[in-house]
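Okay, structure first, notes after.
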Amino acid sequence: MLGPLALGGTHPIAIVLLDAVMAVAIVLWAYFFRPTWTRLLIPLTCMALPGLQLLPLPDRLLVVLAPVSAGAWKLVHAGTPNAWGRVSIDPAETVAAARQLFLSVGTVLAVADLAVWRPSRNGLMATLAASGIVISILGVAFPVRPNTFLLLGFIEFQGPLMPGRTPLLAPVATAGFGFPEAVQLADQCYFADSWIVGDGFGPYLVTNHFAGAMSLTIPFIVAGWLQVSRRYLGLLPRLVVGAGVLGAAAGMLVCLVKSRAGTASFGMAALVFACLSLPSGWWRRAAVVVTGTYAAMIACLLAILFGPFQNVDRLFPAIVQPRIAAVLADGRVVATRVAERMFVASPVLGTGLGTYGDLYPTMTRDGIPWYFAHNEYTQLLAEAGIVGLLGLCCAAGILGMAAVSFWRNAGGTDRLVGAAAWAAVVGLAVHSCFDWNLRIPANSYLFCLAAGLALASARPAGGLAGSDRSTTTLAKGIAFLVMAAAGTAIGMSFRDAVSEIVQRDLRESIVLARRHAADPMAQSPGEPLRQAITAGEHMAYWDPADAQLAVALGQAYLHRAMLLLPIDEANACLASALAWFRQAKMNCPVCRGVAEPPDLGVADKPAL
């Protein structure tokens with residue numbers, strides 16, 4: 001429950017704690033459960049694709065595997081013939097994504113093995129149900145209040161320069177899209193991305209992510225109620241109360257949250273739960289028919305929004321054509337279309353996990369930054385290509401076989417827990433067609449628990465002992481690698497969290513400098529800039545591949561050079577700024593925020 005209470009888990013400290021919990025779970029699983037070597041290989045194998053995207057490759061091979069990346073690296077290495085590049089155009093982001101993928105997959109497997117023990121299965125269900133209760137209560141207590149920019153009544157997330165925007169936070173801690181602000185300093189100009197801050201609902205910065213948490217937790221509340229009340233009440237009153245809980249949650253989503261995608265996804269989760277938990281007979285058959293019809297409607301909607309059809313709005317009556325056209329022109333649809341174009345341009349290996357936000361502004365005319373595609377599947381295609389799609393299909397196949405086994409064999413209380421788990425998985429899978437809940441640490445963590453319970457539901461609950469435990473030398477060696485990888489992941493997560501805090505200090509000092517340039521009576525940025533630069537350069541020693549850290553250092557040096565300094569010191573600041581901008585380009589050839597002379601197309605932008 002820590003994640004949802006910490007801004008959806010997006011604060012750097014909350015991210016470290018969530019990653020640490022997952023890493024510890026993986027270590028305990030590998031050491032005490034002694035799973036077979038094939039299960040141990042799964043989280044390690046998931047790191048193979050990101051590892052391939054990070055390998056330096058000759059230009060001729062890179063042009064074939066990742067033409068978009070090859071073109072980007074050529075610009076950086078201009079004048080250097082036959083320079084090598086990488087599939088990933090932002091290696092630091094790809095490393096972070098690989099770490100998160102390893103932790104997520106490992107956590108799912110650990111939960112799946114732990115949940116074979118019935119007390120653990122029930123305990124995990126109770127944890128998810130309690131999380132849902134807390135999230136719901138906070139949502140009712142702290143709904144959206146327009147233009148207040150307060151979360152939980154006391155956490156302010158308003159931007160320092162413009163209402164509803166902030167250049168201080170990382171994109172994951174905002175609505176995930178924003179607007180570029182041109183900052184002109186003497187003969188240099190750079191773009192500072194100012195992110196939309198979100199609307200804030202309960203403990204989440206964005207209402208859609210609150211809705212995703214509802215799909216992940218409310219089914220467990222209903223399952224817990226049905227399991228606890230079976231000794232005291234008959235079937236009908238138990239079902240009526242359960243249906244009332246689902247209806248109340250749906251009403252909250254419609255009336256308070258007002259999330260269209262979240263409401264539709266929760267509807268699918270509720271129907272799946274009904275299909276799997278209702279007694280066999282006409283009740284279940286009716287639920288299956290309704291669920292199938294609802295799924296077909298969602299499939300048709302997805303085909304209309306994201307399919308290869310042109311001028312779909314003309315197929316509808318003239319009275320609704322303008323509304324359909326407006327929906328098709330929505331930013332989410334456009335962001336998904338851009339991801340599809342990225343995939344077509346680099347279909348084999350993509351452009352690197354975590355790189356969609358780097359490339360999006362270069363593939364649109366307005367240059368407006370969108371950090372997430374608002375469709376997890378097309379973003380995976382853009383970032384990982386066909387190889388990533390094959391990995392997704394393998395995961396879907398494993399889940400599908402587990403679902404069939406659960407449908408055929410599960411019964412009793414095991415069926416209630418499994419029904420809630422599968423409802424949560426399906427609900428978020430549908431929501432992922434319209435949003436980026438899996439990029440939110442808190443919801444990603446909740447999903448890992450639900451997915452692990454779903455896999456465990458394919459096996460009857462019993463004791464911890466099992467015949468699949470392995471003590472072979474091979475399994476022990478792979479288990480050691482898994483534990484070492486988990487320990488490395490904790491260290492990397494801590495480093496990235498400290499780096500984000502340092503970058504936030506740099507961005508705050510840059511904002512002070514921009515305010516001072518507009519109003520000389522404002523606070524002098526000299527000392528804050530100096531302190532932030534010193535901390536940033538120390539951090540760069542431990543995090544040398546972070547392009548955004550290098551960009552922030554370059555911008556800070558550039559602003560410091562504009563202050564009333566001795567000429568030698570000012571020139572040294574300019575030289576340092578250029579050096580850090582070059583370093584940023586070497587780390588990510590398409591990174592944002594690098595200063596350029598005004599004659600390169602930014603002089604006509606308004607100076608801030």
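A note on labels: chains of the structure tokens are A, B, ... as shown, every chain counts residues from 1, and ligands are counted from 1 in their shown order.
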Segment 239-246 of chain A: which residues within 8 Å, counting only C-alpha atoms, same-chain residues fewer than 4 positions away excluded, as a PDB file with C-alpha atoms, in the first residue's frame?
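Output (out.pdb):
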```pdb
ATOM      1  CA  ILE A 218     -11.862  -3.802  -6.388  1.00  0.00           C
ATOM      2  CA  PRO A 219     -12.295  -7.427  -7.629  1.00  0.00           C
ATOM      3  CA  VAL A 222     -15.548  -8.463  -3.723  1.00  0.00           C
ATOM      4  CA  TRP A 225     -16.372 -10.425   0.873  1.00  0.00           C
ATOM      5  CA  LEU A 226     -17.743 -13.504  -0.873  1.00  0.00           C
ATOM      6  CA  LEU A 235     -25.704 -17.090  -1.958  1.00  0.00           C
ATOM      7  CA  ALA A 250     -18.380   1.915 -11.375  1.00  0.00           C
ATOM      8  CA  ALA A 270     -16.283  -6.804 -13.433  1.00  0.00           C
TER       9      ALA A 270
END
```
Query raised in the report: Residues of segment 182-417 of chain A in strand (DSSP E or B) according to DSSP, as number ranges by chain?
Result: A: 182-185, 188-196, 201, 204, 370
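Using only C-alpha atoms, the protein and nucleic acid residues lying no more than 7 Å from Val144 of chain A, apart from those fewer than 3 places from it along its own chain, are Asp199, Gly200 and Phe201 of chain A.
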Selection export as an mmCIF file, in the first residue's frame, atoms kept: N, CA and C atoms:
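Okay, result-v5.cif is ready:
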```cif
data_model
loop_
_atom_site.group_PDB
_atom_site.id
_atom_site.type_symbol
_atom_site.label_atom_id
_atom_site.label_comp_id
_atom_site.auth_asym_id
_atom_site.auth_seq_id
_atom_site.Cartn_x
_atom_site.Cartn_y
_atom_site.Cartn_z
ATOM 1 N N ASP A 199 -4.530 16.083 -13.049
ATOM 2 C CA ASP A 199 -5.688 16.640 -12.351
ATOM 3 C C ASP A 199 -5.756 16.220 -10.889
ATOM 4 N N GLY A 200 -5.123 15.113 -10.523
ATOM 5 C CA GLY A 200 -5.061 14.712 -9.132
ATOM 6 C C GLY A 200 -6.359 14.126 -8.612
ATOM 7 N N PHE A 201 -6.340 12.848 -8.244
ATOM 8 C CA PHE A 201 -7.535 12.205 -7.678
ATOM 9 C C PHE A 201 -7.063 11.213 -6.631
#
```
Query raised in the report: Using only C-alpha atoms, which residues sit within 8 Å of Ile135 of chain A once same-chain residues fewer than 6 positions away are excluded, as a list in words?
Result: Pro4, Gly202, Pro203, Phe210, Ala213 and Met214 of chain A
Report task. Output as a PyMOL selection string all residues of segment 80-292 of chain A that backbone DSSP marks as alpha helix (DSSP H). Result -> chain A and resi 91-114+118-141+207-229+235-252+260-277+282-292
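With atom CA of Asp90 of chain A on one side and atom CA of Met492 of chain A on the other, the separation reads 16.3 Å.
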**Report entry** Option closest in space to Pro43 of chain A, from A:Cys448, A:Ala261, A:Ala485, A:Ala575 [counting only C-alpha atoms]
**Finding:** A:Ala485
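With distances restricted to only C-alpha atoms, A:Val482 is the closest residue to Ile26 of chain A from A:Ala396, A:Ala186, A:Val482, A:Ala192.
Picture a line from atom CA of Val425 of chain A to atom CA of Met252 of chain A; it runs 20.6 Å.
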Please, which residues in segment 424-528 of chain A fall within 6 Å of segment 360-380 of chain A when counting only C-alpha atoms, and what is the closest atom pair and distance in Å to one decimal for each, ordered by chain then residue number, as CSV?
```
residue,atom,partner,partner_atom,distance
A:Ser432,CA,A:Glu376,CA,5.4
A:Cys433,CA,A:Asn375,CA,4.6
A:Phe434,CA,A:Asn375,CA,5.0
A:Asp435,CA,A:His374,CA,3.9
A:Trp436,CA,A:His374,CA,5.2
```
Could you write those residues out with N, CA and C atoms, as a PDB file, in the first residue's frame?
```pdb
ATOM      1  N   SER A 432      -4.707  -0.821 -20.833  1.00  0.00           N
ATOM      2  CA  SER A 432      -3.405  -0.537 -21.444  1.00  0.00           C
ATOM      3  C   SER A 432      -3.518  -0.218 -22.931  1.00  0.00           C
ATOM      4  N   CYS A 433      -4.669  -0.462 -23.522  1.00  0.00           N
ATOM      5  CA  CYS A 433      -4.892  -0.041 -24.913  1.00  0.00           C
ATOM      6  C   CYS A 433      -5.102   1.464 -25.014  1.00  0.00           C
ATOM      7  N   PHE A 434      -5.386   2.109 -23.883  1.00  0.00           N
ATOM      8  CA  PHE A 434      -5.718   3.531 -23.909  1.00  0.00           C
ATOM      9  C   PHE A 434      -4.834   4.379 -22.989  1.00  0.00           C
ATOM     10  N   ASP A 435      -4.002   3.754 -22.180  1.00  0.00           N
ATOM     11  CA  ASP A 435      -3.241   4.529 -21.206  1.00  0.00           C
ATOM     12  C   ASP A 435      -1.933   3.821 -20.873  1.00  0.00           C
ATOM     13  N   TRP A 436      -1.212   4.351 -19.871  1.00  0.00           N
ATOM     14  CA  TRP A 436       0.126   3.851 -19.545  1.00  0.00           C
ATOM     15  C   TRP A 436       0.243   3.512 -18.070  1.00  0.00           C
TER      16      TRP A 436
END
```
Requested in this report: Would you mind listing what lies within 9 Å of segment 67-75 of chain A as a list in words, with only C-alpha atoms counted and same-chain residues fewer than 3 positions away left out?
Outcome: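 Result of the neighbour search: Asp59, Arg60, Leu62, Val63, Val64, Ala78, Gly79, Thr80, Ala83, Trp84, Gly85, Arg86, Val87, Ser88, Ile89, Met342, Ala345, Ser346, Gly350, Thr351, Gly352, Met586, Cys588, Pro589 and Val590 of chain A.
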Query raised in the report: Restricting the calculation to only C-alpha atoms, which member of A:Ser259, A:Thr38, A:Gln188, A:Thr291 is positioned closest to Gly554 of chain A?
Result: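 For Gly554 of chain A, the nearest of the given residues is A:Gln188.
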Query raised in the report: Of the candidates A:Leu161, A:Ala458, A:Leu236, A:Leu65, which one gets nearest to Val417 of chain A if we count only C-alpha atoms?
Result: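 Of all the options, A:Ala458 lies closest to Val417 of chain A.
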